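Asks: final.cif is the file, holding mmCIF, C-alpha atoms:
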```
data_model
loop_
_atom_site.label_atom_id
_atom_site.label_comp_id
_atom_site.auth_asym_id
_atom_site.auth_seq_id
_atom_site.Cartn_x
_atom_site.Cartn_y
_atom_site.Cartn_z
CA MET A 8 -14.60 -16.55 -9.88
CA ASN A 9 -17.77 -14.61 -10.70
CA THR A 10 -17.10 -11.44 -12.70
CA ARG A 11 -19.32 -9.43 -10.40
CA SER A 12 -17.12 -10.30 -7.42
CA ARG A 13 -14.06 -8.73 -8.95
CA THR A 14 -13.09 -5.34 -7.54
CA ARG A 15 -11.14 -2.81 -9.50
CA VAL A 16 -7.53 -2.55 -8.36
CA PHE A 17 -6.49 -0.08 -11.02
CA ALA A 18 -4.79 2.48 -8.78
CA VAL A 19 -5.58 5.93 -10.13
CA ILE A 20 -3.26 8.19 -8.23
CA ALA A 21 -4.69 11.50 -9.37
CA ALA A 22 -8.25 10.56 -8.49
CA ALA A 23 -7.35 9.07 -5.13
CA GLY A 24 -5.09 11.92 -4.11
CA LEU A 25 -2.29 9.41 -3.51
CA THR A 26 1.07 11.12 -3.76
CA ALA A 27 4.32 10.60 -1.96
CA GLY A 28 4.15 14.07 -0.45
CA ALA A 29 0.54 14.14 0.64
CA LEU A 30 -1.03 10.86 1.67
CA ALA A 31 -4.17 11.69 3.60
CA GLY A 32 -4.49 10.37 7.12
CA CYS A 33 -3.45 10.87 10.70
CA THR A 34 -0.67 9.36 12.76
CA ALA A 35 -0.96 5.59 12.99
CA GLY A 36 -2.57 4.39 16.15
CA GLY A 37 -3.10 0.95 17.61
CA GLY A 38 -6.40 -0.75 17.67
CA GLY A 39 -8.01 -3.73 19.19
CA ASP A 40 -7.43 -5.17 22.61
CA ASN A 41 -3.61 -5.03 22.91
CA GLY A 42 -3.94 -7.10 26.06
CA ASN A 43 -1.63 -9.68 27.54
CA GLY A 44 -1.71 -13.23 26.27
CA ASP A 45 -5.14 -14.50 25.34
CA GLY A 46 -6.95 -12.98 28.28
CA ASP A 47 -6.98 -16.06 30.58
CA GLY A 48 -3.32 -16.17 31.57
CA GLU A 49 -2.15 -18.50 28.82
CA GLU A 50 0.65 -17.51 26.50
CA VAL A 51 -0.06 -16.67 22.86
CA THR A 52 2.35 -17.27 19.99
CA ILE A 53 2.02 -15.17 16.83
CA THR A 54 3.73 -16.53 13.75
CA TRP A 55 4.77 -13.81 11.28
CA TRP A 56 6.02 -14.47 7.75
CA HIS A 57 7.53 -11.66 5.67
CA ASN A 58 9.76 -11.21 2.62
CA ALA A 59 12.75 -9.50 4.26
CA THR A 60 15.81 -11.71 3.75
CA ASN A 61 18.64 -9.25 3.14
CA GLY A 62 19.57 -5.61 3.55
CA PRO A 63 18.57 -3.72 6.70
CA LEU A 64 14.89 -4.75 6.89
CA PRO A 65 15.33 -8.13 8.67
CA ASP A 66 16.90 -6.30 11.61
CA VAL A 67 14.02 -3.82 11.71
CA TRP A 68 11.41 -6.58 11.84
CA GLU A 69 13.41 -8.44 14.51
CA GLU A 70 13.44 -5.30 16.65
CA VAL A 71 9.69 -4.85 16.15
CA ALA A 72 8.97 -8.42 17.25
CA THR A 73 11.10 -8.04 20.37
CA GLU A 74 9.53 -4.71 21.29
CA PHE A 75 6.02 -6.07 20.88
CA GLU A 76 6.83 -9.04 23.12
CA GLU A 77 8.23 -6.73 25.79
CA ALA A 78 5.14 -4.53 25.68
CA ASN A 79 2.80 -7.52 25.77
CA PRO A 80 3.86 -10.10 28.38
CA GLY A 81 2.57 -13.51 27.47
CA VAL A 82 2.74 -12.87 23.72
CA ASN A 83 5.53 -14.52 21.74
CA VAL A 84 6.29 -13.45 18.17
CA GLU A 85 8.01 -15.89 15.83
CA GLN A 86 9.02 -13.94 12.72
CA THR A 87 10.61 -15.54 9.66
CA GLY A 88 11.79 -14.07 6.37
CA TYR A 89 11.45 -15.89 3.06
CA GLN A 90 12.32 -15.07 -0.52
CA ASN A 91 9.45 -13.09 -2.03
CA GLU A 92 8.65 -15.47 -4.89
CA GLU A 93 8.76 -18.53 -2.62
CA LEU A 94 6.51 -16.82 -0.09
CA GLN A 95 3.98 -15.56 -2.62
CA ARG A 96 3.85 -18.47 -5.03
CA THR A 97 4.31 -21.48 -2.74
CA LEU A 98 4.51 -21.08 1.03
CA ILE A 99 1.51 -18.86 1.73
CA PRO A 100 -0.89 -20.48 -0.80
CA ASN A 101 0.02 -23.97 0.45
CA ALA A 102 -0.32 -23.00 4.11
CA LEU A 103 -3.71 -21.39 3.50
CA ALA A 104 -4.97 -24.37 1.52
CA ALA A 105 -3.78 -26.73 4.26
CA GLY A 106 -5.59 -24.75 6.95
CA ASP A 107 -2.35 -23.99 8.79
CA PRO A 108 -1.32 -20.46 7.81
CA PRO A 109 0.89 -18.12 9.83
CA ASP A 110 -1.02 -15.56 11.88
CA LEU A 111 0.48 -12.45 10.28
CA PHE A 112 1.76 -12.64 6.73
CA GLN A 113 2.49 -10.75 3.55
CA VAL A 114 -0.73 -9.97 1.65
CA TRP A 115 -0.61 -8.78 -1.96
CA PRO A 116 -3.51 -6.77 -3.42
CA GLY A 117 -5.44 -7.56 -6.57
CA GLY A 118 -6.44 -11.02 -7.67
CA GLU A 119 -4.65 -12.89 -4.89
CA LEU A 120 -6.39 -10.83 -2.23
CA ARG A 121 -9.78 -11.36 -3.84
CA ASP A 122 -9.24 -15.11 -3.95
CA GLN A 123 -8.13 -15.23 -0.31
CA VAL A 124 -11.14 -13.22 0.80
CA GLU A 125 -13.52 -15.42 -1.21
CA ASN A 126 -12.09 -18.47 0.54
CA GLY A 127 -12.44 -16.92 4.00
CA TYR A 128 -8.71 -16.93 4.69
CA LEU A 129 -8.30 -13.35 5.96
CA MET A 130 -9.42 -11.41 9.03
CA PRO A 131 -11.44 -8.22 8.40
CA LEU A 132 -9.49 -5.40 10.05
CA ASP A 133 -11.80 -2.37 10.02
CA ASP A 134 -13.21 -2.92 13.51
CA ALA A 135 -9.94 -4.16 15.00
CA ILE A 136 -7.54 -1.35 13.94
CA PRO A 137 -9.58 1.51 12.43
CA ASP A 138 -7.05 4.23 13.29
CA THR A 139 -4.26 2.30 11.59
CA ILE A 140 -6.30 1.88 8.42
CA GLU A 141 -7.17 5.57 8.37
CA SER A 142 -3.51 6.51 8.86
CA VAL A 143 -2.39 5.27 5.43
CA GLY A 144 -5.09 7.05 3.46
CA ALA A 145 -5.70 5.99 -0.13
CA THR A 146 -2.83 3.51 -0.21
CA VAL A 147 -5.07 1.00 1.56
CA ASN A 148 -7.62 0.91 -1.28
CA PRO A 149 -6.02 -2.01 -3.18
CA TRP A 150 -6.18 -4.07 0.04
CA GLN A 151 -9.95 -3.69 0.32
CA VAL A 152 -12.65 -5.98 -1.10
CA GLY A 153 -16.33 -5.12 -0.99
CA GLY A 154 -15.67 -2.14 1.26
CA GLU A 155 -13.83 -4.25 3.88
CA THR A 156 -10.11 -3.99 4.66
CA TYR A 157 -8.06 -7.19 4.77
CA GLY A 158 -4.52 -5.86 4.71
CA VAL A 159 -2.54 -2.71 5.44
CA PRO A 160 0.40 -1.60 3.24
CA PHE A 161 3.56 -0.57 5.05
CA THR A 162 5.26 0.61 1.85
CA PHE A 163 4.18 1.77 -1.59
CA GLY A 164 6.26 2.87 -4.54
CA ILE A 165 6.99 2.54 -8.23
CA GLU A 166 9.45 0.72 -10.45
CA GLY A 167 12.29 2.34 -12.32
CA PHE A 168 15.94 2.00 -13.29
CA TRP A 169 18.65 1.77 -10.64
CA TYR A 170 21.80 2.84 -12.43
CA ASN A 171 25.51 3.45 -12.04
CA THR A 172 26.07 7.18 -12.52
CA ASP A 173 29.83 6.65 -13.00
CA MET A 174 29.27 4.22 -15.87
CA PHE A 175 26.81 6.61 -17.47
CA GLU A 176 29.30 9.47 -17.26
CA GLU A 177 32.18 7.42 -18.63
CA ALA A 178 30.03 6.30 -21.57
CA GLY A 179 28.76 9.83 -22.19
CA VAL A 180 25.17 8.77 -21.51
CA GLU A 181 22.47 11.09 -20.22
CA VAL A 182 19.45 9.87 -18.26
CA PRO A 183 16.97 8.63 -20.91
CA GLU A 184 13.82 10.72 -21.33
CA THR A 185 12.28 8.58 -24.10
CA PHE A 186 12.42 4.90 -24.92
CA ASP A 187 14.56 5.68 -27.97
CA ASP A 188 17.01 7.35 -25.59
CA LEU A 189 17.10 4.14 -23.55
CA VAL A 190 17.92 2.11 -26.65
CA ASP A 191 20.71 4.56 -27.52
CA ALA A 192 22.02 4.32 -23.95
CA VAL A 193 22.20 0.54 -24.18
CA GLY A 194 24.32 0.82 -27.32
CA ALA A 195 26.66 3.43 -25.85
CA LEU A 196 27.14 1.48 -22.64
CA ARG A 197 27.85 -1.71 -24.55
CA GLU A 198 30.44 0.11 -26.67
CA SER A 199 32.09 1.43 -23.50
CA GLY A 200 32.70 -2.14 -22.37
CA VAL A 201 30.07 -2.60 -19.65
CA VAL A 202 26.92 -4.69 -19.35
CA PRO A 203 24.07 -2.25 -20.04
CA ILE A 204 21.30 -3.94 -18.02
CA ALA A 205 21.21 -6.73 -15.47
CA VAL A 206 18.07 -8.84 -15.15
CA GLY A 207 17.32 -11.70 -12.76
CA ALA A 208 15.32 -13.77 -15.22
CA GLY A 209 16.05 -16.92 -13.25
CA ALA A 210 13.26 -15.98 -10.86
CA GLY A 211 10.78 -15.32 -13.65
CA TRP A 212 9.07 -12.19 -12.43
CA PRO A 213 11.96 -9.73 -13.03
CA ALA A 214 11.88 -10.74 -16.70
CA ALA A 215 8.09 -10.47 -16.73
CA HIS A 216 8.30 -6.88 -15.50
CA TRP A 217 9.87 -5.88 -18.79
CA TRP A 218 6.77 -7.07 -20.65
CA TYR A 219 4.62 -5.29 -18.04
CA GLN A 220 6.38 -2.03 -18.81
CA PHE A 221 5.87 -2.39 -22.56
CA ALA A 222 2.18 -3.19 -21.98
CA LEU A 223 1.81 -0.19 -19.66
CA LYS A 224 3.37 2.14 -22.23
CA SER A 225 1.50 0.62 -25.20
CA CYS A 226 -2.03 0.05 -23.87
CA SER A 227 -4.44 2.86 -23.06
CA PRO A 228 -5.67 3.23 -19.47
CA GLU A 229 -9.10 2.03 -20.64
CA THR A 230 -7.58 -1.12 -22.14
CA LEU A 231 -5.63 -1.81 -18.96
CA ALA A 232 -8.82 -1.47 -16.93
CA ALA A 233 -10.67 -3.86 -19.26
CA GLY A 234 -7.90 -6.39 -18.83
CA GLN A 235 -8.23 -6.29 -15.06
CA GLU A 236 -11.98 -6.04 -14.72
CA GLU A 237 -13.06 -8.36 -17.53
CA PHE A 238 -9.88 -10.26 -18.49
CA ASP A 239 -10.29 -8.75 -21.94
CA PHE A 240 -6.96 -9.10 -23.73
CA SER A 241 -8.29 -8.66 -27.26
CA ASP A 242 -6.65 -5.29 -27.89
CA GLU A 243 -3.63 -5.62 -30.17
CA CYS A 244 -1.50 -3.67 -27.69
CA TRP A 245 -1.07 -6.80 -25.56
CA VAL A 246 0.62 -8.60 -28.45
CA GLU A 247 2.54 -5.43 -29.33
CA ALA A 248 4.04 -5.47 -25.83
CA GLY A 249 5.60 -8.84 -26.59
CA GLU A 250 6.78 -7.69 -30.00
CA GLN A 251 8.47 -4.67 -28.45
CA LEU A 252 10.09 -6.86 -25.80
CA GLU A 253 11.28 -9.31 -28.46
CA GLU A 254 12.82 -6.46 -30.43
CA PHE A 255 14.46 -5.05 -27.32
CA ILE A 256 15.97 -8.41 -26.37
CA GLY A 257 17.38 -8.47 -29.91
CA ILE A 258 19.71 -5.54 -29.18
CA GLU A 259 21.34 -7.67 -26.45
CA PRO A 260 20.86 -5.34 -23.48
CA PHE A 261 21.31 -7.99 -20.78
CA GLN A 262 24.23 -9.88 -19.25
CA GLU A 263 25.35 -13.28 -20.49
CA GLY A 264 23.44 -16.10 -18.80
CA PHE A 265 20.59 -13.82 -17.73
CA LEU A 266 18.10 -16.71 -17.87
CA GLY A 267 19.85 -18.31 -14.89
CA THR A 268 20.52 -15.15 -12.87
CA VAL A 269 18.62 -14.67 -9.61
CA PRO A 270 17.48 -11.12 -8.75
CA GLN A 271 18.29 -10.41 -5.12
CA GLU A 272 20.52 -13.03 -3.48
CA GLY A 273 24.31 -12.85 -3.58
CA ALA A 274 26.93 -10.88 -5.46
CA GLY A 275 26.10 -12.66 -8.71
CA SER A 276 22.44 -11.66 -8.64
CA SER A 277 21.16 -8.84 -10.82
CA ALA A 278 21.05 -6.50 -7.81
CA GLY A 279 24.50 -7.74 -6.82
CA MET A 280 25.82 -6.87 -10.27
CA ILE A 281 24.70 -3.27 -9.73
CA ALA A 282 26.08 -3.21 -6.19
CA ASN A 283 29.48 -4.47 -7.34
CA GLY A 284 29.85 -2.36 -10.49
CA GLN A 285 29.28 -5.22 -12.96
CA ALA A 286 26.30 -3.71 -14.81
CA ALA A 287 25.02 -0.23 -15.49
CA MET A 288 21.26 -0.61 -14.92
CA GLU A 289 18.55 -2.78 -13.40
CA LEU A 290 14.79 -2.36 -13.77
CA MET A 291 13.39 -3.03 -10.30
CA GLY A 292 11.00 -1.82 -7.62
CA HIS A 293 11.44 0.79 -4.95
CA TRP A 294 12.85 -1.69 -2.42
CA ASN A 295 15.98 -2.23 -4.49
CA VAL A 296 18.08 0.44 -2.83
CA GLY A 297 18.16 -1.56 0.42
CA THR A 298 18.90 -4.77 -1.46
CA ILE A 299 21.76 -3.19 -3.42
CA GLY A 300 23.18 -1.67 -0.24
CA GLY A 301 23.11 -5.04 1.50
CA LEU A 302 24.99 -6.68 -1.40
CA ALA A 303 27.68 -4.00 -1.75
CA PRO A 304 31.19 -4.86 -0.47
CA ASN A 305 30.87 -2.49 2.50
CA GLU A 306 27.13 -3.23 2.91
CA GLU A 307 26.29 0.41 2.22
CA VAL A 308 24.42 2.00 -0.68
CA PRO A 309 27.05 2.83 -3.33
CA GLU A 310 27.71 6.51 -3.92
CA PHE A 311 27.37 5.94 -7.66
CA LEU A 312 23.77 4.73 -7.42
CA GLY A 313 21.03 6.74 -9.11
CA TRP A 314 17.40 6.23 -10.16
CA PHE A 315 15.14 7.30 -13.03
CA PRO A 316 11.64 6.25 -14.15
CA MET A 317 10.87 4.05 -17.14
CA PRO A 318 10.53 6.45 -20.10
CA GLY A 319 7.45 6.47 -22.31
CA ILE A 320 7.26 5.25 -25.89
CA GLU A 321 6.58 8.08 -28.32
CA GLY A 322 3.39 7.59 -30.34
CA ALA A 323 2.12 4.67 -28.26
CA ALA A 324 -1.41 4.58 -26.83
CA GLY A 325 -0.23 4.26 -23.25
CA ASP A 326 0.11 7.21 -20.89
CA PRO A 327 3.83 8.12 -20.92
CA THR A 328 3.62 9.36 -17.33
CA ALA A 329 1.98 6.20 -15.98
CA ALA A 330 4.07 4.10 -13.61
CA LEU A 331 4.14 0.46 -12.65
CA GLY A 332 4.23 -0.26 -8.97
CA GLY A 333 2.52 -1.36 -5.83
CA GLY A 334 3.27 -2.01 -2.24
CA ASP A 335 3.85 -4.57 0.45
CA GLY A 336 1.25 -5.11 3.13
CA PHE A 337 0.41 -7.42 6.00
CA GLY A 338 -2.83 -9.12 6.93
CA CYS A 339 -3.97 -11.57 9.58
CA ALA A 340 -5.29 -15.08 9.07
CA ALA A 341 -9.03 -15.41 9.72
CA ASP A 342 -8.45 -17.51 12.85
CA ALA A 343 -5.45 -15.58 14.16
CA PRO A 344 -5.60 -14.34 17.77
CA PRO A 345 -6.64 -10.71 18.24
CA GLN A 346 -3.05 -9.82 19.16
CA CYS A 347 -2.21 -10.32 15.49
CA ALA A 348 -4.09 -7.14 14.59
CA ASP A 349 -2.37 -5.38 17.50
CA LEU A 350 1.03 -6.38 16.12
CA LEU A 351 0.04 -5.07 12.70
CA ALA A 352 -1.04 -1.80 14.31
CA TYR A 353 2.35 -1.54 16.02
CA ILE A 354 4.18 -2.16 12.73
CA MET A 355 2.23 0.78 11.29
CA THR A 356 2.97 3.25 14.10
CA GLU A 357 4.84 6.40 13.13
CA ASP A 358 7.92 5.32 15.11
CA VAL A 359 8.27 1.99 13.30
CA GLN A 360 7.44 3.53 9.93
CA ARG A 361 10.15 6.14 10.49
CA ARG A 362 12.70 3.43 11.26
CA PHE A 363 11.59 1.59 8.13
CA ALA A 364 12.19 4.78 6.11
CA GLU A 365 15.53 5.51 7.76
CA SER A 366 16.73 1.99 6.93
CA GLY A 367 16.35 2.74 3.23
CA SER A 368 14.05 -0.26 2.76
CA GLY A 369 11.27 1.64 1.00
CA ILE A 370 8.76 4.45 1.09
CA PRO A 371 6.52 4.35 4.19
CA THR A 372 2.77 4.75 3.79
CA VAL A 373 2.21 6.76 6.98
CA PRO A 374 2.61 10.40 5.87
CA ALA A 375 4.20 11.60 9.11
CA ALA A 376 7.07 9.16 8.58
CA GLN A 377 7.95 10.16 5.04
CA ASP A 378 10.31 12.95 6.01
CA ALA A 379 12.50 10.23 7.56
CA ILE A 380 13.53 9.05 4.07
CA GLU A 381 17.25 9.79 3.99
CA ASP A 382 18.32 8.04 0.81
CA GLU A 383 18.35 10.41 -2.19
CA ASN A 384 17.29 7.62 -4.52
CA LEU A 385 14.21 6.83 -2.47
CA GLN A 386 13.44 10.53 -2.47
CA ALA A 387 13.64 10.38 -6.28
CA VAL A 388 11.26 7.40 -6.32
CA ALA A 389 8.87 9.30 -4.07
CA ALA A 390 9.03 12.26 -6.45
CA GLY A 391 8.38 9.94 -9.39
CA LEU A 392 5.36 8.53 -7.57
CA ALA A 393 4.04 12.04 -6.98
CA GLU A 394 4.49 12.93 -10.65
CA ALA A 395 2.87 9.76 -12.05
CA SER A 396 -0.53 10.22 -13.64
CA PHE A 397 -1.53 6.85 -12.19
CA VAL A 398 0.09 3.73 -10.82
CA GLN A 399 -0.73 0.39 -12.41
CA LEU A 400 -0.39 -2.49 -9.96
CA TRP A 401 2.04 -5.22 -10.99
CA PHE A 402 0.12 -7.16 -13.62
CA ASP A 403 0.52 -10.58 -12.02
CA THR A 404 -0.82 -9.10 -8.78
CA ALA A 405 -3.70 -7.33 -10.51
CA PHE A 406 -4.74 -10.35 -12.58
CA GLY A 407 -4.44 -12.90 -9.78
CA THR A 408 -2.48 -16.12 -9.42
CA THR A 409 -4.04 -18.15 -12.24
CA VAL A 410 -3.72 -15.57 -15.01
CA GLY A 411 -0.59 -14.01 -13.52
CA ASN A 412 1.35 -17.28 -13.43
CA ALA A 413 0.33 -18.17 -16.98
CA MET A 414 1.36 -14.71 -18.18
CA ASN A 415 4.75 -14.84 -16.43
CA GLU A 416 5.49 -18.30 -17.83
CA GLY A 417 4.74 -17.07 -21.34
CA ILE A 418 7.00 -14.05 -20.90
CA VAL A 419 9.89 -16.16 -19.62
CA ASN A 420 9.49 -18.41 -22.65
CA LEU A 421 9.68 -15.31 -24.83
CA PHE A 422 12.91 -14.29 -23.07
CA ALA A 423 14.31 -17.75 -23.73
CA GLY A 424 13.36 -17.68 -27.40
CA ASN A 425 10.88 -20.52 -26.90
CA GLY A 426 7.68 -18.53 -27.30
CA THR A 427 6.01 -15.76 -29.27
CA PRO A 428 4.21 -12.53 -28.35
CA GLU A 429 0.96 -14.23 -29.32
CA ASP A 430 1.71 -17.14 -26.99
CA VAL A 431 1.82 -14.82 -23.98
CA VAL A 432 -1.64 -13.43 -24.67
CA LYS A 433 -3.09 -16.86 -25.47
CA ARG A 434 -1.85 -18.19 -22.16
CA MET A 435 -3.54 -15.28 -20.40
CA GLN A 436 -6.80 -15.83 -22.25
CA ASP A 437 -6.78 -19.59 -21.66
CA ALA A 438 -6.07 -19.13 -17.95
CA ALA A 439 -8.84 -16.53 -17.63
CA ALA A 440 -11.30 -18.94 -19.27
CA THR A 441 -10.81 -21.40 -16.37
CA LEU A 442 -11.97 -18.91 -13.73
#
```
Just give me the structure of the file as structure tokens.

Replies:
Amino acid sequence: MNTRSRTRVFAVIAAAGLTAGALAGCTAGGGGDNGNGDGDGEEVTITWWHNATNGPLPDVWEEVATEFEEANPGVNVEQTGYQNEELQRTLIPNALAAGDPPDLFQVWPGGELRDQVENGYLMPLDDAIPDTIESVGATVNPWQVGGETYGVPFTFGIEGFWYNTDMFEEAGVEVPETFDDLVDAVGALRESGVVPIAVGAGAGWPAAHWWYQFALKSCSPETLAAGQEEFDFSDECWVEAGEQLEEFIGIEPFQEGFLGTVPQEGAGSSAGMIANGQAAMELMGHWNVGTIGGLAPNEEVPEFLGWFPMPGIEGAAGDPTAALGGGDGFGCAADAPPQCADLLAYIMTEDVQRRFAESGSGIPTVPAAQDAIEDENLQAVAAGLAEASFVQLWFDTAFGTTVGNAMNEGIVNLFAGNGTPEDVVKRMQDAAATL
């Protein structure tokens, strides 16, 4: 990939005016034709792949598909949910490469989006649904390449700790305000007889997010930008991130068998451990409240659940108020029927966005729907987003598939004790050299 073709996906919240309380834009409106069938009486089938497999969101998307079919006679919507990592790493890339992608599918910003646009896989959306794009304000920026929009985010938020307030109280632990406080909390929780932190390292990326957080807190904003724009990983902070992670793993913060634990499926997953009172904390994205609720015995968000942001590291070069995060968005395949864009516009209407918020599945990107957030933890995430100096996109998303996969593999090896901090950076540099 030519360096000049890379667009900056470093999401600077302050500069863009992107906050949870004031996302510029108007109420989402439909765009495009919104007609029946394909215009000549024949039926049209829209295939829709998404990453909702548990919690309340699958039911929301099923309702949306049914409603769109009822409003558009002759249009059939076949929606299917897949595990996020399977969808992102295998199913969508393989379907695109084979020339047989779904019509509407999950589109991640950053390197993956750039690659898909370069290969002509995605439909430009600006002319089809301009009102919808305008409705989400600055959140759409990471889904744009060369001034064109190829996806629309339906949720955007940041990562932090989902924790058991009862366990914290019983162990005499306060919410950590510094990284040293977090280390102390791990020790106190362990002494109280509970697992301090659950991690679903079996899926790879949840383990990788720990390294991301250390890199975010250790590298300056300028260094982070250089990594994304130029694949420059020469700054020593990238190695320091691995050293800090290695040291943190050494205090044994995680559950036994964490290398084989999955993150979001079943009671034995890392989210399930939080839901069922088997661990005190999990570092995870804003969607986790819905996942935890779906895995709880009564399938409701536990009353003990709380949330706090990842604390900064005192004396490090990174901005202590920076946050790691991103969003989920949908885009249409280049050859999808025009009704695909209409379905995307419907997903982004205020009514659907409000139902998304009410379900506790995440923070909606349409401003008029944000007062529908009922869950106190999601409100805390929204406040954390508003207070962040900037939001760094997930590193594997920002760097793209080639570098992102190499980085994640190196981090998992570090977790397993089979790699070094230097190995992670070397993998990144070697992968970047192939582009």

Asks: Any idea what the distance is between atom CA of Ile320 of chain A and atom CA of Phe186 of chain A?

Replies: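 Taking atom CA of Ile320 of chain A as the start and atom CA of Phe186 of chain A as the end point, the length is 5.3 Å.
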
Asks: Determine the nearest neighbour of Gly117 of chain A from the options A:Leu129, A:Val152, A:Leu302, A:Leu103, counting only C-alpha atoms.

Replies: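 Result for the nearest residue to Gly117 of chain A: A:Val152.
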
Asks: If we count only C-alpha atoms, what is near segment 268-277 of chain A at a cut-off of 7 Å, once residues fewer than 4 positions away on the same chain are taken out, given as a PyMOL selection string?

Replies: chain A and resi 205-210+264+281+298+302

Asks: Store the residues picked out above in a file with C-alpha atoms, as a PDB file, in the frame of the given file.

Replies:
```
ATOM      1  CA  ALA A 205      21.210  -6.730 -15.470  1.00  0.00           C
ATOM      2  CA  VAL A 206      18.070  -8.840 -15.150  1.00  0.00           C
ATOM      3  CA  GLY A 207      17.320 -11.700 -12.760  1.00  0.00           C
ATOM      4  CA  ALA A 208      15.320 -13.770 -15.220  1.00  0.00           C
ATOM      5  CA  GLY A 209      16.050 -16.920 -13.250  1.00  0.00           C
ATOM      6  CA  ALA A 210      13.260 -15.980 -10.860  1.00  0.00           C
ATOM      7  CA  GLY A 264      23.440 -16.100 -18.800  1.00  0.00           C
ATOM      8  CA  ILE A 281      24.700  -3.270  -9.730  1.00  0.00           C
ATOM      9  CA  THR A 298      18.900  -4.770  -1.460  1.00  0.00           C
ATOM     10  CA  LEU A 302      24.990  -6.680  -1.400  1.00  0.00           C
TER      11      LEU A 302
END
```

Asks: Work out how far atom CA of His57 of chain A is from atom CA of Phe75 of chain A, in Å to one decimal.

Replies: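 Going from atom CA of Phe75 of chain A over to atom CA of His57 of chain A covers 16.3 Å.
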
Asks: List the spatial neighbours of Arg434 of chain A as a PyMOL selection string - criterion: any atom at most 9 Å away, all atoms listed in the file, same-chain residues fewer than 2 positions off excluded.

Replies: chain A and resi 410+413-414+416-417+429-432+436-439

Asks: Check what the PyMOL selection byres ((chain A and resi 113) around 12) selects in the file above and give those residues as a PyMOL selection string.

Replies: chain A and resi 54-59+86-96+98-100+108-112+114-116+119-120+129+150+157-162+334-340+351

Asks: Any chance you could work out the residue set of the PyMOL selection byres ((chain A and resi 222) around 10) here, as number ranges by chain?

Replies: A: 216-221, 223-227, 230-231, 244-249, 251-252, 324-325, 402

Asks: Determine the residue membership of the PyMOL selection byres ((chain A and resi 201) around 8) for the file above and supply it as a PyMOL selection string.

Replies: chain A and resi 174+196-200+202-203+285-287

Asks: Please, what distance in Å, to one decimal, runs between atom CA of Val124 of chain A and atom CA of Ala341 of chain A?

Replies: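 Those two atoms sit 9.4 Å apart.
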